[in-house]
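With compact mmCIF, C-alpha atoms inside, this is data09.txt:
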# COMPACT_ATOMS: atom_id res chain seq x y z
CA MET A 14 -11.85 -18.31 -0.80
CA ASN A 15 -13.95 -20.11 -3.33
CA ASN A 16 -13.11 -21.94 -6.55
CA SER A 17 -13.91 -18.91 -8.74
CA GLU A 18 -10.82 -17.24 -7.24
CA PHE A 19 -8.54 -19.87 -8.76
CA GLU A 20 -7.65 -20.59 -12.35
CA ILE A 21 -7.40 -24.35 -12.79
CA LYS A 22 -6.46 -26.01 -16.09
CA ASN A 23 -6.63 -29.80 -16.36
CA GLY A 24 -6.41 -30.16 -12.60
CA VAL A 25 -3.45 -27.78 -12.32
CA LEU A 26 -3.80 -24.62 -10.24
CA THR A 27 -2.17 -21.99 -12.46
CA LYS A 28 -2.94 -18.79 -10.61
CA TYR A 29 -4.93 -17.06 -7.91
CA THR A 30 -7.22 -14.28 -9.13
CA GLY A 31 -9.37 -13.29 -6.21
CA ILE A 32 -9.68 -11.23 -3.09
CA ILE A 33 -7.87 -12.15 0.08
CA THR A 34 -9.65 -11.60 3.37
CA ILE A 35 -7.22 -11.74 6.27
CA PRO A 36 -8.65 -13.65 9.27
CA ASN A 37 -9.80 -11.66 12.31
CA ASP A 38 -7.24 -13.26 14.64
CA VAL A 39 -4.29 -11.77 12.73
CA THR A 40 -2.63 -8.81 14.50
CA SER A 41 0.24 -8.10 12.12
CA ILE A 42 1.04 -8.59 8.44
CA GLY A 43 4.67 -9.68 8.44
CA ASP A 44 7.58 -8.51 6.31
CA ARG A 45 7.18 -9.67 2.69
CA ALA A 46 3.96 -11.58 3.53
CA PHE A 47 2.42 -10.91 0.12
CA CYS A 48 5.57 -9.77 -1.69
CA PHE A 49 5.34 -10.42 -5.45
CA CYS A 50 1.80 -11.87 -5.33
CA LYS A 51 1.39 -10.58 -8.87
CA GLU A 52 -2.24 -11.72 -9.27
CA LEU A 53 -3.53 -10.26 -5.99
CA LYS A 54 -6.20 -7.67 -6.89
CA SER A 55 -7.74 -6.74 -3.58
CA ILE A 56 -7.21 -7.38 0.10
CA ILE A 57 -9.43 -6.87 3.12
CA ILE A 58 -7.60 -6.18 6.37
CA PRO A 59 -9.56 -6.66 9.61
CA ASN A 60 -9.56 -4.24 12.55
CA SER A 61 -7.43 -6.70 14.51
CA VAL A 62 -4.32 -5.79 12.47
CA ILE A 63 -2.10 -3.13 14.06
CA SER A 64 0.96 -3.24 11.77
CA ILE A 65 1.92 -3.87 8.16
CA GLY A 66 5.49 -5.06 7.73
CA ASN A 67 8.30 -3.98 5.42
CA HIS A 68 7.71 -4.93 1.78
CA ALA A 69 4.45 -6.62 2.82
CA PHE A 70 2.76 -5.96 -0.55
CA ALA A 71 5.80 -5.00 -2.64
CA GLY A 72 5.55 -6.12 -6.24
CA CYS A 73 1.80 -6.86 -6.10
CA GLU A 74 1.41 -5.48 -9.61
CA SER A 75 -2.33 -6.24 -9.91
CA LEU A 76 -3.32 -4.80 -6.53
CA GLU A 77 -6.05 -2.25 -7.20
CA SER A 78 -7.63 -1.69 -3.82
CA ILE A 79 -6.80 -1.98 -0.17
CA ILE A 80 -8.54 -0.52 2.84
CA ILE A 81 -6.26 0.03 5.80
CA PRO A 82 -8.32 0.04 9.01
CA ASN A 83 -7.84 2.61 11.78
CA SER A 84 -6.36 -0.11 13.98
CA VAL A 85 -3.12 -0.01 11.93
CA THR A 86 -0.52 2.19 13.64
CA SER A 87 2.55 1.24 11.61
CA ILE A 88 3.16 0.70 7.89
CA GLY A 89 6.65 -0.59 7.10
CA CYS A 90 9.09 0.76 4.56
CA CYS A 91 8.43 -0.17 0.94
CA ALA A 92 5.14 -1.80 2.02
CA PHE A 93 3.44 -0.99 -1.30
CA ASN A 94 6.53 -0.58 -3.47
CA ASN A 95 5.79 -1.28 -7.16
CA CYS A 96 2.03 -1.81 -6.75
CA ILE A 97 1.60 -0.34 -10.22
CA ASN A 98 -2.21 -0.66 -10.40
CA LEU A 99 -2.97 0.91 -7.03
CA LYS A 100 -4.89 4.13 -7.80
CA SER A 101 -5.81 5.58 -4.42
CA ILE A 102 -5.23 4.94 -0.77
CA VAL A 103 -6.31 6.41 2.55
CA ILE A 104 -3.79 6.38 5.38
CA PRO A 105 -5.66 5.89 8.68
CA ASN A 106 -5.53 8.49 11.47
CA SER A 107 -3.61 6.04 13.64
CA VAL A 108 -0.44 6.17 11.48
CA THR A 109 2.23 8.74 12.43
CA SER A 110 4.79 8.25 9.67
CA ILE A 111 5.01 7.26 6.04
CA LYS A 112 8.25 5.35 5.87
CA ASN A 113 10.99 5.26 3.23
CA GLY A 114 9.77 3.99 -0.13
CA THR A 115 6.27 3.12 1.08
CA PHE A 116 4.69 3.89 -2.31
CA TYR A 117 7.86 3.82 -4.44
CA ASP A 118 7.02 3.25 -8.13
CA CYS A 119 3.24 3.08 -7.63
CA GLU A 120 3.05 4.67 -11.05
CA ASN A 121 -0.77 4.72 -11.31
CA LEU A 122 -1.38 6.12 -7.82
CA GLU A 123 -3.51 9.23 -8.44
CA SER A 124 -4.49 10.39 -4.98
CA ILE A 125 -3.66 9.85 -1.37
CA ILE A 126 -5.13 11.20 1.83
CA ILE A 127 -2.59 11.87 4.57
CA PRO A 128 -4.18 12.45 7.99
CA ASP A 129 -3.13 15.05 10.57
CA SER A 130 -1.59 12.28 12.67
CA VAL A 131 1.34 11.92 10.23
CA VAL A 132 4.46 13.83 11.30
CA SER A 133 7.01 12.48 8.83
CA ILE A 134 7.26 11.36 5.22
CA GLY A 135 10.34 9.26 4.53
CA ASP A 136 12.90 9.25 1.74
CA ARG A 137 11.46 8.28 -1.64
CA ALA A 138 8.04 7.63 -0.05
CA PHE A 139 6.23 8.53 -3.29
CA TYR A 140 9.16 8.29 -5.71
CA GLY A 141 8.02 7.47 -9.25
CA CYS A 142 4.29 7.98 -8.61
CA GLU A 143 4.05 9.63 -12.00
CA ASN A 144 0.24 9.88 -12.05
CA LEU A 145 -0.12 11.36 -8.57
CA THR A 146 -2.14 14.53 -9.07
CA SER A 147 -3.49 15.22 -5.61
CA ILE A 148 -1.97 15.15 -2.17
CA THR A 149 -2.53 17.32 0.86
CA ILE A 150 0.33 17.51 3.30
CA PRO A 151 -1.06 18.43 6.71
CA ASP A 152 0.60 21.00 8.97
CA SER A 153 1.47 18.16 11.35
CA VAL A 154 4.21 16.97 8.95
CA THR A 155 7.55 18.30 10.24
CA PHE A 156 9.87 16.15 8.13
CA ILE A 157 9.87 15.26 4.43
CA GLY A 158 12.72 12.99 3.35
CA ASP A 159 14.97 13.20 0.33
CA TYR A 160 13.34 12.63 -3.06
CA ALA A 161 9.98 11.95 -1.38
CA PHE A 162 8.08 13.20 -4.43
CA GLU A 163 10.73 12.74 -7.15
CA GLY A 164 9.20 11.59 -10.43
CA CYS A 165 5.67 12.69 -9.50
CA LEU A 166 5.28 14.26 -12.91
CA LYS A 167 1.66 15.42 -12.56
CA LEU A 168 1.86 16.63 -8.96
CA LYS A 169 1.42 20.36 -8.34
CA LEU A 170 2.55 21.20 -4.82

Would you mind giving the structure from this file in structure tokens?
Amino acid sequence: MNNSEFEIKNGVLTKYTGIITIPNDVTSIGDRAFCFCKELKSIIIPNSVISIGNHAFAGCESLESIIIPNSVTSIGCCAFNNCINLKSIVIPNSVTSIKNGTFYDCENLESIIIPDSVVSIGDRAFYGCENLTSITIPDSVTFIGDYAFEGCLKLKL
């Protein structure tokens, strides 16, 4: 991080406005690790990370981009809940399920790529993603939970 990533007024740090790069020795992003980091715009996750915890990025309203590396095998429930500025995301081939509420109320999410490795999509996984226009559900998916796509007003399945 450098000083341009911070807003400082009269010696007072008022907010963080930059990109977070997670260190290479991190293997898991814990539950609620970045929950409600409202100024977080972008995050870089290294290949050392294998899991993203429950609610890890929930409420990160400014989050616009995140690249999930192929090393990640598990994404917790509600991990990106209410990330209202997230527009697109690619789920890596190493993930086998999209848990309950993973993208709940990501209202500006327009597209998502679900790989053939995914076998289940949990309850309310994409609930309220009102701008979601494109999603391909692979044949590997054998379970879609209740209300998984409820409120996806622009989605044509």

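Atom CA of A:Cys90 is found 17.6 Å from atom CA of A:Cys50.
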
Enter the distance from atom CA of A:Cys119 to atom CA of A:Ile150, in Å, rounded to one decimal.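 Calculated distance between atom CA of A:Cys119 and atom CA of A:Ile150 is 18.3 Å.
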
In Å, rounded to a single decimal, give me how far atom CA of A:Leu168 is from atom CA of A:Ile80.
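We find that atom CA of A:Ile80 and atom CA of A:Leu168 lie 23.3 Å from each other.
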
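Candidate residues A:Ile42, A:Ala69, A:Ala138, A:Val103 were compared for distance to A:Ile126, and the nearest is A:Val103, using all atoms listed in the file.
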
Any idea what's packed within 8 Å of A:Ser133, counting all atoms listed in the file, ignoring anything in its chain fewer than 3 positions away? Could you give it as an mmCIF file with C-alpha atoms, in the frame of the given file?
data_model
loop_
_atom_site.group_PDB
_atom_site.id
_atom_site.type_symbol
_atom_site.label_atom_id
_atom_site.label_comp_id
_atom_site.auth_asym_id
_atom_site.auth_seq_id
_atom_site.Cartn_x
_atom_site.Cartn_y
_atom_site.Cartn_z
ATOM 1 C CA THR A 109 2.230 8.740 12.430
ATOM 2 C CA SER A 110 4.790 8.250 9.670
ATOM 3 C CA ILE A 111 5.010 7.260 6.040
ATOM 4 C CA LYS A 112 8.250 5.350 5.870
ATOM 5 C CA VAL A 154 4.210 16.970 8.950
ATOM 6 C CA THR A 155 7.550 18.300 10.240
ATOM 7 C CA PHE A 156 9.870 16.150 8.130
ATOM 8 C CA ILE A 157 9.870 15.260 4.430
ATOM 9 C CA GLY A 158 12.720 12.990 3.350
#

Using all atoms listed in the file, which of the listed residues (A:Glu163, A:Asp152, A:Glu77, A:Glu120) sits closest to A:Ile97?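 Smallest separation from A:Ile97 among the options: A:Glu120.
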
* To do: Would you kindly return, as a VMD selection string, each protein, DNA or RNA residue with an atom no farther than 6 Å from any atom of A:Lys100, considering all atoms listed in the file and excluding same-chain residues fewer than 4 positions away?
  => chain A and resid 121 to 123

Give me, as a PyMOL selection string, all polymer residues having an atom no more than 10 Å from stretch 34-39 of chain A, counting all atoms listed in the file and skipping those fewer than 4 positions away in the same chain. chain A and resi 14+55-63

Among A:Gly141, A:Pro82, A:Gly31, A:Gly72, A:Ala46 is approached most closely, using only C-alpha atoms, by A:Gly72

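Among the candidates A:Val108, A:Ile102, A:Cys96, A:Ile21, the residue lying nearest to A:Ser84 is A:Val108 (atoms considered: all atoms listed in the file).
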
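Once all atoms listed in the file are considered, the residues situated within 12 Å of the file point (0.8, 18.7, -11.3) turn out to be Glu123, Ser124, Cys142, Glu143, Asn144, Leu145, Thr146, Ser147, Ile148, Phe162, Gly164, Cys165, Leu166, Lys167, Leu168, Lys169 and Leu170 of chain A.
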
query: Out of A:Gly24, A:Leu76, A:Ile125, A:Ser64, which residue has the shortest atom-to-atom distance to A:Ser107 when counting all atoms listed in the file?
result: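 Of the candidates, the smallest distance to A:Ser107 is held by A:Ser64.
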
Which residue, A:Val85, A:Asn23, A:Asn98, A:Phe116, has the smallest gap to A:Leu53 when you use only C-alpha atoms?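 Looking only at the distances to A:Leu53, the closest residue turns out to be A:Asn98.
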